[in-house]
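As stored in structure.txt (compact mmCIF, C-alpha atoms):
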```txt
# COMPACT_ATOMS: atom_id res chain seq x y z
CA MET A 1 23.82 18.59 0.57
CA GLU A 2 22.52 15.56 -1.14
CA ILE A 3 19.49 13.67 0.17
CA LEU A 4 20.63 10.05 0.24
CA LYS A 5 17.65 8.40 1.89
CA SER A 6 14.25 9.27 3.30
CA ALA A 7 14.08 10.78 6.76
CA THR A 8 11.56 12.49 8.99
CA ALA A 9 11.67 14.96 11.87
CA GLY A 10 9.00 16.48 14.05
CA THR A 11 5.55 15.47 15.20
CA LEU A 12 1.93 16.18 14.35
CA GLU A 13 1.21 17.84 17.66
CA SER A 14 -0.07 21.37 17.94
CA SER A 15 2.60 24.04 17.29
CA ASP A 16 4.89 21.50 15.66
CA CYS A 17 5.29 20.11 12.15
CA LEU A 18 6.24 16.80 10.60
CA ILE A 19 8.87 17.08 7.88
CA THR A 20 9.71 14.22 5.54
CA VAL A 21 12.56 14.57 3.06
CA GLU A 22 13.10 12.05 0.30
CA PRO A 23 15.44 11.81 -2.68
CA GLY A 24 14.03 13.61 -5.71
CA THR A 25 14.91 15.79 -8.67
CA GLY A 26 14.66 19.49 -8.09
CA ILE A 27 12.84 20.79 -5.04
CA ASN A 28 9.33 19.42 -4.78
CA LEU A 29 7.39 20.75 -1.80
CA GLU A 30 4.14 19.22 -0.61
CA LEU A 31 2.66 21.41 2.11
CA SER A 32 -0.43 21.00 4.23
CA SER A 33 -1.07 23.23 7.21
CA SER A 34 -3.76 23.93 9.76
CA VAL A 35 -3.05 27.62 9.15
CA MET A 36 -2.62 27.41 5.39
CA ASN A 37 -4.81 30.42 4.65
CA GLN A 38 -3.02 32.69 7.10
CA TYR A 39 0.60 31.53 6.83
CA GLY A 40 0.90 29.12 3.88
CA ARG A 41 3.18 31.44 1.90
CA GLN A 42 5.37 32.23 4.88
CA ILE A 43 5.79 28.52 5.73
CA LYS A 44 6.71 27.71 2.17
CA ALA A 45 9.24 30.52 2.05
CA THR A 46 10.83 29.43 5.35
CA VAL A 47 11.16 25.80 4.25
CA LEU A 48 12.62 26.71 0.86
CA GLU A 49 15.03 29.20 2.38
CA THR A 50 16.25 26.63 4.91
CA LEU A 51 16.79 24.05 2.19
CA GLU A 52 18.72 26.57 0.14
CA ARG A 53 20.89 27.50 3.09
CA LEU A 54 21.71 23.82 3.61
CA GLY A 55 22.57 23.53 -0.08
CA VAL A 56 19.81 21.02 -0.85
CA ALA A 57 18.96 21.24 -4.53
CA ASN A 58 17.18 17.93 -5.05
CA ALA A 59 14.53 16.66 -2.66
CA HIS A 60 10.91 15.76 -2.29
CA VAL A 61 9.83 17.49 0.91
CA THR A 62 6.53 16.85 2.67
CA VAL A 63 5.48 19.30 5.37
CA VAL A 64 2.48 18.63 7.59
CA ASP A 65 2.30 21.80 9.65
CA LYS A 66 0.24 22.18 12.80
CA GLY A 67 0.97 25.84 13.42
CA ALA A 68 4.74 25.66 13.98
CA LEU A 69 6.69 28.89 14.44
CA ASP A 70 9.39 29.73 11.89
CA CYS A 71 12.17 28.66 14.26
CA THR A 72 10.49 25.27 14.72
CA LEU A 73 10.08 24.82 10.98
CA LYS A 74 13.74 25.62 10.42
CA ALA A 75 14.92 23.26 13.14
CA ARG A 76 12.75 20.41 11.87
CA VAL A 77 13.89 20.86 8.27
CA GLU A 78 17.54 20.97 9.32
CA CYS A 79 17.11 17.86 11.43
CA ALA A 80 15.36 15.90 8.67
CA VAL A 81 18.00 16.87 6.11
CA TYR A 82 20.92 15.88 8.36
CA ARG A 83 19.21 12.61 9.23
CA SER A 84 18.73 11.88 5.53
CA CYS A 85 22.47 11.76 4.97
CA ASP A 86 23.35 10.13 8.28
CA ALA A 87 25.10 13.30 9.39
CA SER A 88 22.94 13.99 12.42
CA ALA A 89 25.06 12.05 14.92
CA ALA A 90 28.13 14.27 15.21
CA ASN A 91 29.96 17.34 13.90
CA LEU A 92 26.87 19.37 13.09
CA PRO A 93 27.89 22.77 11.73
CA TRP A 94 26.42 24.83 14.60
CA GLY A 95 26.87 28.48 13.77
CA GLY A 96 27.69 27.50 10.20
CA VAL A 97 24.77 26.65 7.94
CA ILE A 98 22.77 25.77 11.06
CA ARG A 99 22.02 29.16 12.57
CA MET B 1 1.42 18.90 27.98
CA SER B 2 2.30 15.90 25.97
CA ASP B 3 1.38 12.43 27.21
CA VAL B 4 3.64 9.46 26.77
CA VAL B 5 2.90 7.10 23.92
CA GLU B 6 3.88 3.60 25.00
CA SER B 7 4.30 0.53 22.89
CA ILE B 8 2.03 -2.37 23.79
CA SER B 9 3.22 -5.92 23.38
CA PRO B 10 0.72 -8.23 21.69
CA LYS B 11 0.90 -10.68 24.58
CA SER B 12 0.53 -8.14 27.40
CA ARG B 13 -2.62 -7.67 29.45
CA ASP B 14 -2.96 -4.15 28.01
CA MET B 15 -4.02 -5.76 24.74
CA ALA B 16 -7.39 -6.51 26.37
CA GLN B 17 -7.73 -2.76 27.03
CA VAL B 18 -6.91 -2.05 23.39
CA GLU B 19 -9.62 -4.42 22.26
CA ALA B 20 -12.11 -2.92 24.71
CA LEU B 21 -11.34 0.66 23.64
CA LEU B 22 -11.68 -0.22 19.96
CA HIS B 23 -14.93 -2.01 20.66
CA GLN B 24 -16.24 1.02 22.56
CA GLU B 25 -15.47 3.23 19.56
CA GLY B 26 -17.05 0.77 17.13
CA ILE B 27 -13.87 -0.68 15.65
CA ARG B 28 -12.86 -4.32 15.44
CA LEU B 29 -9.38 -5.33 16.55
CA ASP B 30 -7.49 -6.32 13.43
CA GLN B 31 -6.09 -9.84 13.59
CA ASN B 32 -2.96 -8.89 11.69
CA LEU B 33 -0.94 -6.23 13.46
CA ASP B 34 2.80 -5.99 13.85
CA TYR B 35 3.01 -3.04 16.25
CA THR B 36 0.59 -1.46 18.73
CA CYS B 37 0.94 1.62 20.91
CA GLY B 38 -1.25 3.55 23.29
CA ILE B 39 -1.61 6.44 25.73
CA PHE B 40 -2.68 5.73 29.33
CA ASP B 41 -4.23 8.12 31.86
CA GLU B 42 -2.99 8.50 35.45
CA ASP B 43 -4.95 5.45 36.58
CA GLY B 44 -3.38 3.24 33.92
CA LYS B 45 -6.51 3.24 31.81
CA LEU B 46 -5.96 3.21 28.04
CA ILE B 47 -7.35 6.39 26.45
CA ALA B 48 -5.94 6.25 22.91
CA THR B 49 -4.45 3.57 20.69
CA GLY B 50 -3.09 2.87 17.22
CA SER B 51 -1.36 0.01 15.39
CA CYS B 52 0.66 -0.79 12.29
CA PHE B 53 0.80 -3.59 9.84
CA GLU B 54 3.52 -3.33 7.19
CA ASN B 55 3.11 0.10 5.60
CA THR B 56 -0.37 0.74 6.96
CA LEU B 57 -1.76 2.30 10.13
CA ARG B 58 -4.60 0.38 11.75
CA CYS B 59 -7.06 0.36 14.60
CA LEU B 60 -6.77 4.04 15.54
CA ALA B 61 -9.07 5.07 18.36
CA VAL B 62 -9.39 7.74 21.04
CA SER B 63 -11.72 7.23 23.99
CA SER B 64 -14.81 9.44 23.52
CA ALA B 65 -14.17 10.97 26.96
CA HIS B 66 -10.79 12.29 25.75
CA GLN B 67 -11.56 13.45 22.24
CA GLY B 68 -10.41 16.94 21.34
CA GLU B 69 -7.20 16.69 23.38
CA GLY B 70 -4.91 16.05 20.45
CA LEU B 71 -4.31 12.42 21.37
CA LEU B 72 -4.81 11.14 17.84
CA SER B 73 -2.06 13.39 16.54
CA GLN B 74 0.32 11.99 19.15
CA ILE B 75 -0.56 8.44 18.20
CA VAL B 76 -0.16 9.14 14.48
CA SER B 77 3.15 10.99 15.10
CA HIS B 78 4.44 8.05 17.07
CA LEU B 79 3.38 5.52 14.44
CA THR B 80 4.82 7.65 11.62
CA GLU B 81 8.14 7.77 13.44
CA TYR B 82 8.00 4.03 14.06
CA GLN B 83 7.28 3.40 10.38
CA ALA B 84 10.11 5.73 9.35
CA ALA B 85 12.47 3.77 11.57
CA ARG B 86 11.68 0.64 9.65
CA GLY B 87 11.94 2.41 6.31
CA ASN B 88 8.28 3.02 5.46
CA PHE B 89 7.60 6.58 4.39
CA ARG B 90 4.66 5.95 2.17
CA LEU B 91 1.78 5.09 4.47
CA PHE B 92 -1.80 4.00 4.00
CA LEU B 93 -4.75 3.68 6.33
CA TYR B 94 -8.44 2.92 6.51
CA THR B 95 -10.74 4.86 8.74
CA LYS B 96 -14.41 5.26 9.42
CA VAL B 97 -16.04 7.85 7.18
CA LYS B 98 -16.71 10.23 10.07
CA SER B 99 -13.08 10.15 11.26
CA ALA B 100 -11.58 10.84 7.84
CA LYS B 101 -11.52 14.60 8.41
CA PHE B 102 -9.26 14.24 11.46
CA LEU B 103 -6.76 12.22 9.50
CA ALA B 104 -6.97 14.70 6.65
CA ASP B 105 -5.68 17.25 9.18
CA LEU B 106 -2.73 14.97 9.89
CA GLY B 107 -1.54 14.91 6.30
CA PHE B 108 -3.53 12.01 4.87
CA TYR B 109 -5.38 12.24 1.58
CA GLU B 110 -8.40 10.25 0.46
CA ILE B 111 -7.96 7.73 -2.36
CA ALA B 112 -11.35 6.02 -2.32
CA ARG B 113 -14.25 5.20 -0.04
CA VAL B 114 -16.89 2.57 0.48
CA GLU B 115 -19.97 4.63 1.35
CA ASP B 116 -20.97 4.41 5.03
CA LYS B 117 -18.13 1.98 5.75
CA LEU B 118 -14.63 3.27 5.34
CA VAL B 119 -12.29 5.73 3.68
CA PHE B 120 -8.90 4.66 2.33
CA MET B 121 -6.15 7.26 2.63
CA GLU B 122 -2.45 7.72 1.91
CA ASN B 123 0.08 10.30 3.09
CA ARG B 124 0.91 11.52 -0.42
CA ARG B 125 -1.20 14.22 -1.93
CA THR B 126 -0.47 13.01 -5.45
CA GLY B 127 0.33 9.34 -4.77
CA PHE B 128 -2.66 7.81 -6.50
CA GLY B 129 -2.86 10.70 -8.98
CA ASP B 130 0.75 10.06 -10.06
CA TYR B 131 0.02 6.35 -10.47
CA CYS B 132 -2.99 7.14 -12.69
CA ALA B 133 -0.90 9.61 -14.68
CA ARG B 134 1.71 6.91 -15.32
CA LEU B 135 -1.05 4.55 -16.46
CA ALA B 136 -2.63 7.21 -18.65
CA ALA B 137 0.65 7.47 -20.54
CA ALA B 138 0.01 3.90 -21.74
CA ARG B 139 -3.61 4.56 -22.66
CA ARG B 140 -4.60 3.11 -26.01
CA GLU B 141 -7.81 3.79 -27.89
CA GLY B 142 -10.09 1.00 -28.99
CA ARG B 143 -13.73 0.07 -29.25
CA ARG B 144 -13.49 -2.69 -26.68
CA ILE B 145 -11.03 -2.22 -23.84
CA THR B 146 -10.70 -4.81 -21.12
CA SER B 147 -8.46 -5.73 -18.22
CA VAL B 148 -7.02 -8.67 -16.33
CA VAL B 149 -5.55 -8.50 -12.84
CA MET B 150 -3.31 -11.35 -11.79
CA ASN B 151 -0.84 -12.33 -9.16
CA ALA B 152 0.69 -14.85 -11.60
CA ASN B 153 2.52 -16.71 -8.87
CA PRO B 154 3.96 -17.98 -11.22
CA PHE B 155 2.53 -17.39 -14.72
CA THR B 156 0.87 -20.60 -16.00
CA LEU B 157 -1.00 -21.64 -19.14
CA GLY B 158 -4.16 -20.95 -17.12
CA HIS B 159 -3.21 -17.27 -16.88
CA ARG B 160 -2.18 -17.35 -20.51
CA TYR B 161 -5.58 -18.78 -21.48
CA LEU B 162 -7.39 -15.95 -19.66
CA VAL B 163 -5.26 -13.30 -21.38
CA GLU B 164 -5.62 -14.99 -24.80
CA GLN B 165 -9.40 -15.01 -24.47
CA ALA B 166 -9.41 -11.36 -23.45
CA ALA B 167 -7.05 -10.46 -26.29
CA ALA B 168 -9.14 -12.31 -28.87
CA GLU B 169 -12.42 -10.70 -27.82
CA ASN B 170 -11.14 -7.13 -27.32
CA ASP B 171 -9.10 -4.43 -29.02
CA VAL B 172 -6.96 -3.61 -26.00
CA VAL B 173 -6.12 -5.62 -22.86
CA HIS B 174 -4.61 -3.89 -19.83
CA LEU B 175 -2.88 -6.56 -17.82
CA PHE B 176 -2.04 -5.71 -14.19
CA VAL B 177 0.47 -7.80 -12.28
CA LEU B 178 0.29 -7.43 -8.51
CA SER B 179 3.31 -5.58 -7.14
CA GLN B 180 2.83 -6.74 -3.57
CA GLU B 181 5.68 -8.96 -2.35
CA ALA B 182 4.12 -12.09 -0.90
CA GLY B 183 5.70 -15.49 -0.83
CA PRO B 184 8.91 -16.89 -2.22
CA ILE B 185 8.59 -15.74 -5.85
CA PRO B 186 9.67 -12.06 -6.03
CA ALA B 187 7.27 -9.60 -7.67
CA ALA B 188 9.90 -8.67 -10.27
CA VAL B 189 10.15 -12.32 -11.35
CA ARG B 190 6.37 -12.72 -11.53
CA LYS B 191 6.15 -9.59 -13.68
CA LYS B 192 9.01 -10.68 -15.94
CA LEU B 193 7.43 -14.10 -16.57
CA VAL B 194 4.11 -12.44 -17.44
CA VAL B 195 5.75 -9.95 -19.81
CA GLU B 196 7.66 -12.75 -21.56
CA GLY B 197 4.63 -15.00 -21.57
CA VAL B 198 2.37 -12.52 -23.38
CA ALA B 199 5.04 -10.90 -25.58
CA ASP B 200 3.44 -12.37 -28.73
CA LEU B 201 0.05 -10.73 -28.07
CA PRO B 202 0.34 -7.23 -29.54
CA ASN B 203 -2.80 -5.78 -27.95
CA VAL B 204 -1.81 -6.66 -24.38
CA ILE B 205 -0.21 -3.92 -22.25
CA CYS B 206 1.39 -4.91 -18.93
CA HIS B 207 1.25 -2.66 -15.86
CA ASP B 208 2.37 -2.78 -12.24
CA SER B 209 -0.45 -2.61 -9.74
CA ASP B 210 1.67 -0.60 -7.28
CA ALA B 211 -0.06 -0.39 -3.87
CA TYR B 212 -3.45 0.29 -5.41
CA MET B 213 -4.75 -3.17 -6.30
CA ILE B 214 -4.92 -6.18 -4.00
CA SER B 215 -1.97 -5.01 -1.90
CA SER B 216 -1.37 -5.34 1.82
CA ALA B 217 -2.68 -1.76 1.98
CA THR B 218 -5.95 -2.17 0.07
CA PHE B 219 -6.67 -5.81 0.70
CA PRO B 220 -4.66 -7.27 3.59
CA SER B 221 -7.02 -10.20 4.07
CA TYR B 222 -6.04 -11.46 0.62
CA PHE B 223 -2.64 -12.30 2.06
CA LEU B 224 -3.50 -13.13 5.66
CA LYS B 225 -6.57 -15.00 6.79
CA ASP B 226 -9.49 -12.98 8.12
CA SER B 227 -13.27 -13.24 8.48
CA ASP B 228 -15.58 -13.24 5.44
CA GLU B 229 -17.09 -9.90 6.43
CA VAL B 230 -13.65 -8.27 6.39
CA VAL B 231 -12.75 -9.85 3.07
CA ARG B 232 -15.97 -8.52 1.54
CA THR B 233 -15.44 -4.96 2.77
CA GLN B 234 -11.84 -4.90 1.62
CA ALA B 235 -12.81 -6.40 -1.73
CA ALA B 236 -15.43 -3.68 -2.13
CA LEU B 237 -12.79 -1.02 -1.43
CA ASP B 238 -10.40 -2.65 -3.86
CA LEU B 239 -13.08 -2.42 -6.55
CA GLU B 240 -13.78 1.26 -5.78
CA ILE B 241 -10.11 1.95 -6.52
CA PHE B 242 -10.21 -0.30 -9.56
CA LYS B 243 -13.12 1.73 -10.91
CA LYS B 244 -10.97 4.87 -10.81
CA ILE B 245 -8.15 3.08 -12.60
CA ALA B 246 -10.61 1.72 -15.16
CA ASP B 247 -11.86 5.26 -15.85
CA THR B 248 -8.29 6.44 -16.43
CA LEU B 249 -7.72 3.82 -19.12
CA GLY B 250 -11.23 3.57 -20.54
CA ILE B 251 -11.54 -0.04 -19.35
CA GLN B 252 -15.03 -1.51 -19.80
CA SER B 253 -14.64 -5.02 -18.41
CA ARG B 254 -12.45 -7.41 -16.49
CA TYR B 255 -11.68 -11.07 -17.16
CA VAL B 256 -11.50 -13.31 -14.15
CA GLY B 257 -10.70 -16.99 -13.75
CA GLN B 258 -13.19 -19.13 -11.88
CA GLU B 259 -11.92 -20.05 -8.43
CA PRO B 260 -12.44 -23.62 -7.27
CA THR B 261 -10.04 -23.80 -4.31
CA SER B 262 -9.03 -20.52 -2.65
CA HIS B 263 -11.82 -19.31 -0.37
CA THR B 264 -10.66 -15.68 -0.35
CA THR B 265 -10.34 -15.40 -4.12
CA CYS B 266 -13.74 -17.04 -4.43
CA LEU B 267 -15.29 -14.37 -2.17
CA TYR B 268 -13.48 -11.66 -4.13
CA ASN B 269 -14.97 -13.02 -7.36
CA GLU B 270 -18.41 -13.01 -5.74
CA VAL B 271 -18.05 -9.36 -4.70
CA MET B 272 -16.89 -8.50 -8.23
CA THR B 273 -19.96 -10.11 -9.79
CA GLU B 274 -22.17 -8.20 -7.35
CA LYS B 275 -20.57 -4.77 -7.57
CA MET B 276 -19.04 -4.35 -10.99
CA PRO B 277 -22.25 -4.13 -13.05
CA GLY B 278 -23.34 -1.22 -10.81
CA MET B 279 -20.06 0.53 -11.65
CA GLY B 280 -20.67 0.13 -15.36
CA LEU B 281 -18.05 -2.60 -15.67
CA GLU B 282 -18.62 -6.05 -17.04
CA CYS B 283 -17.18 -8.97 -15.09
CA ARG B 284 -16.45 -12.02 -17.24
CA ILE B 285 -15.72 -15.15 -15.26
CA LEU B 286 -14.13 -17.86 -17.37
CA PRO B 287 -13.96 -21.52 -16.36
CA ARG B 288 -10.47 -22.71 -15.46
CA LYS B 289 -8.41 -24.28 -18.20
CA THR B 290 -7.57 -27.92 -17.65
CA VAL B 291 -4.78 -30.12 -18.95
CA ASN B 292 -5.06 -33.90 -18.86
CA GLY B 293 -8.25 -33.50 -16.81
CA GLN B 294 -6.49 -31.47 -14.12
CA VAL B 295 -7.29 -27.81 -13.43
CA ILE B 296 -4.25 -25.59 -14.02
CA SER B 297 -3.35 -23.85 -10.81
CA ALA B 298 -0.36 -21.81 -9.71
CA SER B 299 -0.62 -23.36 -6.24
CA THR B 300 -0.11 -26.80 -7.79
CA VAL B 301 2.90 -25.49 -9.69
CA ARG B 302 4.44 -23.97 -6.55
CA GLN B 303 3.87 -27.20 -4.65
CA ALA B 304 5.47 -29.25 -7.45
CA ILE B 305 8.54 -27.01 -7.55
CA HIS B 306 8.70 -27.22 -3.76
CA ASP B 307 8.71 -31.01 -4.03
CA GLY B 308 11.37 -30.89 -6.75
CA LYS B 309 8.94 -32.19 -9.37
CA LEU B 310 8.96 -29.38 -11.92
CA GLU B 311 8.61 -31.92 -14.76
CA SER B 312 5.26 -33.09 -13.40
CA VAL B 313 3.70 -29.67 -14.07
CA ARG B 314 5.47 -28.92 -17.35
CA ALA B 315 2.17 -29.27 -19.22
CA MET B 316 0.74 -26.41 -17.10
CA LEU B 317 3.49 -23.94 -17.92
CA PRO B 318 4.28 -21.82 -20.93
CA ASP B 319 7.81 -22.37 -22.26
CA THR B 320 9.03 -19.06 -20.84
CA THR B 321 8.03 -19.97 -17.27
CA TYR B 322 9.33 -23.54 -17.56
CA ARG B 323 12.70 -22.40 -18.91
CA TYR B 324 13.06 -19.89 -16.07
CA PHE B 325 12.54 -22.47 -13.33
CA ALA B 326 14.52 -25.21 -15.10
CA GLY B 327 17.46 -22.92 -15.88
CA PRO B 328 20.19 -21.33 -13.78
CA GLU B 329 18.39 -17.97 -13.68
CA GLY B 330 15.57 -19.40 -11.60
CA ALA B 331 17.77 -21.40 -9.22
CA GLN B 332 17.47 -18.87 -6.43
CA THR B 333 13.66 -18.68 -6.68
CA VAL B 334 13.44 -22.49 -6.77
CA ALA B 335 15.56 -22.65 -3.62
CA ALA B 336 13.27 -20.10 -1.94
CA LEU B 337 10.20 -22.14 -2.94
CA GLN B 338 11.76 -25.32 -1.62
CA ALA B 339 12.54 -23.65 1.69
CA ALA B 340 9.01 -22.23 2.01
CA GLU B 341 6.41 -24.05 4.06
CA ASN B 342 2.88 -23.01 3.24
CA LEU B 343 2.38 -22.53 -0.49
CA ILE B 344 -1.37 -22.84 -0.79
CA HIS B 345 -3.48 -19.68 -0.87
CA HIS B 346 -6.14 -19.69 1.83
```

File written out as structure tokens:
Amino acid sequence: MEILKSATAGTLESSDCLITVEPGTGINLELSSSVMNQYGRQIKATVLETLERLGVANAHVTVVDKGALDCTLKARVECAVYRSCDASAANLPWGGVIR
Amino acid sequence: MSDVVESISPKSRDMAQVEALLHQEGIRLDQNLDYTCGIFDEDGKLIATGSCFENTLRCLAVSSAHQGEGLLSQIVSHLTEYQAARGNFRLFLYTKVKSAKFLADLGFYEIARVEDKLVFMENRRTGFGDYCARLAAARREGRRITSVVMNANPFTLGHRYLVEQAAAENDVVHLFVLSQEAGPIPAAVRKKLVVEGVADLPNVICHDSDAYMISSATFPSYFLKDSDEVVRTQAALDLEIFKKIADTLGIQSRYVGQEPTSHTTCLYNEVMTEKMPGMGLECRILPRKTVNGQVISASTVRQAIHDGKLESVRAMLPDTTYRYFAGPEGAQTVAALQAAENLIHH
């Protein structure tokens, strides 16, 4: 999928994360987390894997994590990506690339 | 459990609560806000608040009785979402030095600080770093390197005089044109007229100021009236950032035009004269250039164009600027100027 405009999803509350996706070249991930030392690598891997699954090859992604679980991270990334191409209103591929 | 963040209308009675809460936490209610929100407790008492102005977050406060409950993160989440809805993803904020660490936890990074007063932050880890890297690409070596910062609204012979003096007395001149959109002449036009107007000076390099010099983020009171105290603090912050930019390019001094009319610019010049020597930068204030006994001023030029009397200020304008406004290319900008009401800088 192509990132057409900037979009965000999530919040900064505990156990959540705020994801911002913006148009960019290549994948550029900017991560800050309250549990960076413990889970930084795992968060990064989850975000990158979700982007790959959605077929996003070019994006600047900012993640401000407040201890979100993997499932939350995935959901927030998916939501931000679909919002960024105005595809979040209808016909989401549930069971397809959104698992 | 998550509390509800409610928007607060500027005219509602809750605004008095906002002001009281800010006061209690040692913050002054900003005069220029375009959105305010808050969280109330069960008794309808305001316990946390935050506001926006353009692409900045302002006046963030949590009642001391409710700190540590994660209210600030709810306020900042709400404001971030609100900003995203109006297309602002790159955000800036000021905060008190002791609160900076909480905002750092919410994804904000420090750009500069005025010791004991405030910290200026943005939500991009490499925002300011990237800007400096872009500038560094245009770095040029020389024995004497200086700078000029101008709004050039529009570029006059007065601006040209300042740049000429700087170019004659130095090896390299870094010329920054403010990127902030303010008023009827678009930033791109202002920049273009500067670039054309100094094209014959080989040692002058033009740059965009981005959001990091005299923008609505660093220096909102430059664009909207505020008290002298506020202007001084914001000017001091602006200079802290300028110092970092100066270090990137090896800038040793800055040329400034004397300011006879605009109160805010006059204060800014005063702060520059006070602070810059301490930063190892020289501040050279030059008297305004006059033509036929009249001081050249961009305000006068804007007013004349507004009144349809471009010819009356022809002597104040370089050919490039005059041709733009007289020709078809500038027609749209002229129309915008003529439709505008207040053209004089406070």

*Which residue out of B:Leu57, B:Thr36, B:Gln180, B:Thr265 has the minimum interatomic distance to Ser216 of chain B when only C-alpha atoms are used?*
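Once distances to Ser216 of chain B are computed over only C-alpha atoms, the minimum belongs to B:Gln180.
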
I'd like a table as CSV: residues in chain A with an atom no more than 12 Å from chain B, each row giving the shortest atom pair and its distance in Å to one decimal, all atoms listed in the file counted, sorted by chain and rising residue number.
```
residue,atom,partner,partner_atom,distance
A:Lys5,CA,B:Gly87,CA,9.4
A:Ser6,CA,B:Phe89,CA,7.3
A:Ala7,CA,B:Ala84,CA,6.9
A:Thr8,CA,B:Ala84,CA,6.9
A:Ala9,CA,B:Glu81,CA,8.2
A:Gly10,CA,B:Ser77,CA,8.1
A:Thr11,CA,B:Ser77,CA,5.1
A:Leu12,CA,B:Ser73,CA,5.3
A:Glu13,CA,B:Ser73,CA,5.6
A:Ser14,CA,B:Gly70,CA,7.6
A:Ser15,CA,B:Gly70,CA,11.4
A:Asp16,CA,B:Ser77,CA,10.7
A:Cys17,CA,B:Leu106,CA,9.8
A:Leu18,CA,B:Ser77,CA,8.0
A:Ile19,CA,B:Gly107,CA,10.8
A:Thr20,CA,B:Phe89,CA,8.0
A:Val21,CA,B:Phe89,CA,9.5
A:Glu22,CA,B:Phe89,CA,8.8
A:Pro23,CA,B:Phe89,CA,11.8
A:Asn28,CA,B:Thr126,CA,11.7
A:Leu29,CA,B:Arg125,CA,10.8
A:Glu30,CA,B:Arg125,CA,7.4
A:Leu31,CA,B:Gly107,CA,8.8
A:Ser32,CA,B:Gly107,CA,6.5
A:Ser33,CA,B:Asp105,CA,7.8
A:Ser34,CA,B:Asp105,CA,7.0
A:Val35,CA,B:Asp105,CA,10.7
A:Met36,CA,B:Asp105,CA,11.3
A:His60,CA,B:Arg124,CA,11.0
A:Val61,CA,B:Arg124,CA,10.8
A:Thr62,CA,B:Arg124,CA,8.3
A:Val63,CA,B:Gly107,CA,8.3
A:Val64,CA,B:Gly107,CA,5.6
A:Asp65,CA,B:Leu106,CA,8.5
A:Lys66,CA,B:Leu106,CA,8.3
A:Gly67,CA,B:Asp105,CA,11.7
A:Ala80,CA,B:Ala84,CA,11.5
A:Arg83,CA,B:Ala85,CA,11.4
A:Ser84,CA,B:Ala84,CA,11.3
```

*asked:* Report as a count of residues only all protein, DNA and RNA residues lying within 9 Å of Arg254 of chain B, evaluated on only C-alpha atoms, omitting residues in the same chain fewer than 2 positions from it.
replied: 13

*Do a neighbour search on Val62 of chain B at 7 Å with all atoms listed in the file, toss out local chain neighbours closer than 4 positions, and write the hits as an MDAnalysis selection string.*
chainID B and resid 47:49 66:67 71:72

*Exercise: Cys52 of chain B partners within 6 Å, all atoms listed in the file, chain neighbours under 4 positions left out, as a PyMOL selection string*: chain B and resi 33-35+56-58

_Env of Leu29 of chain B: 12 Å cut, atoms = all atoms listed in the file, seq-sep filter 4 positions within chain, self excluded. Answer as number ranges by chain._
B: 10, 15-25, 33, 36, 49-52, 58-61, 226-227, 230

Pull C-alpha atoms from the residues just selected and write them as a PDB file, keeping the file's coordinate frame.
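Contents of the output file out-v1.pdb:
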```
ATOM      1  CA  PRO B  10       0.720  -8.230  21.690  1.00  0.00           C
ATOM      2  CA  MET B  15      -4.020  -5.760  24.740  1.00  0.00           C
ATOM      3  CA  ALA B  16      -7.390  -6.510  26.370  1.00  0.00           C
ATOM      4  CA  GLN B  17      -7.730  -2.760  27.030  1.00  0.00           C
ATOM      5  CA  VAL B  18      -6.910  -2.050  23.390  1.00  0.00           C
ATOM      6  CA  GLU B  19      -9.620  -4.420  22.260  1.00  0.00           C
ATOM      7  CA  ALA B  20     -12.110  -2.920  24.710  1.00  0.00           C
ATOM      8  CA  LEU B  21     -11.340   0.660  23.640  1.00  0.00           C
ATOM      9  CA  LEU B  22     -11.680  -0.220  19.960  1.00  0.00           C
ATOM     10  CA  HIS B  23     -14.930  -2.010  20.660  1.00  0.00           C
ATOM     11  CA  GLN B  24     -16.240   1.020  22.560  1.00  0.00           C
ATOM     12  CA  GLU B  25     -15.470   3.230  19.560  1.00  0.00           C
ATOM     13  CA  LEU B  33      -0.940  -6.230  13.460  1.00  0.00           C
ATOM     14  CA  THR B  36       0.590  -1.460  18.730  1.00  0.00           C
ATOM     15  CA  THR B  49      -4.450   3.570  20.690  1.00  0.00           C
ATOM     16  CA  GLY B  50      -3.090   2.870  17.220  1.00  0.00           C
ATOM     17  CA  SER B  51      -1.360   0.010  15.390  1.00  0.00           C
ATOM     18  CA  CYS B  52       0.660  -0.790  12.290  1.00  0.00           C
ATOM     19  CA  ARG B  58      -4.600   0.380  11.750  1.00  0.00           C
ATOM     20  CA  CYS B  59      -7.060   0.360  14.600  1.00  0.00           C
ATOM     21  CA  LEU B  60      -6.770   4.040  15.540  1.00  0.00           C
ATOM     22  CA  ALA B  61      -9.070   5.070  18.360  1.00  0.00           C
ATOM     23  CA  ASP B 226      -9.490 -12.980   8.120  1.00  0.00           C
ATOM     24  CA  SER B 227     -13.270 -13.240   8.480  1.00  0.00           C
ATOM     25  CA  VAL B 230     -13.650  -8.270   6.390  1.00  0.00           C
TER      26      VAL B 230
END
```

*Leaving out Ala112 of chain B and any residue of its chain fewer than 3 positions from it, which residues lie within 7 Å of it when counting all atoms listed in the file, given as JSON, numbers by chain?*
{"B": [119, 120, 240, 241]}

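If you look at atom CA of Leu237 of chain B and atom CA of Thr218 of chain B, they are 7.1 Å away from each other.
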
*Which of these, B:Leu343, B:Gly183, B:Leu157, B:Lys117, has the shortest distance to Ser99 of chain B once you count all atoms listed in the file?*
B:Lys117

*Could you jot down the atom CA of Lys11 of chain B to atom CA of Ile344 of chain B separation for me, Å, one decimal place?*
28.2 Å
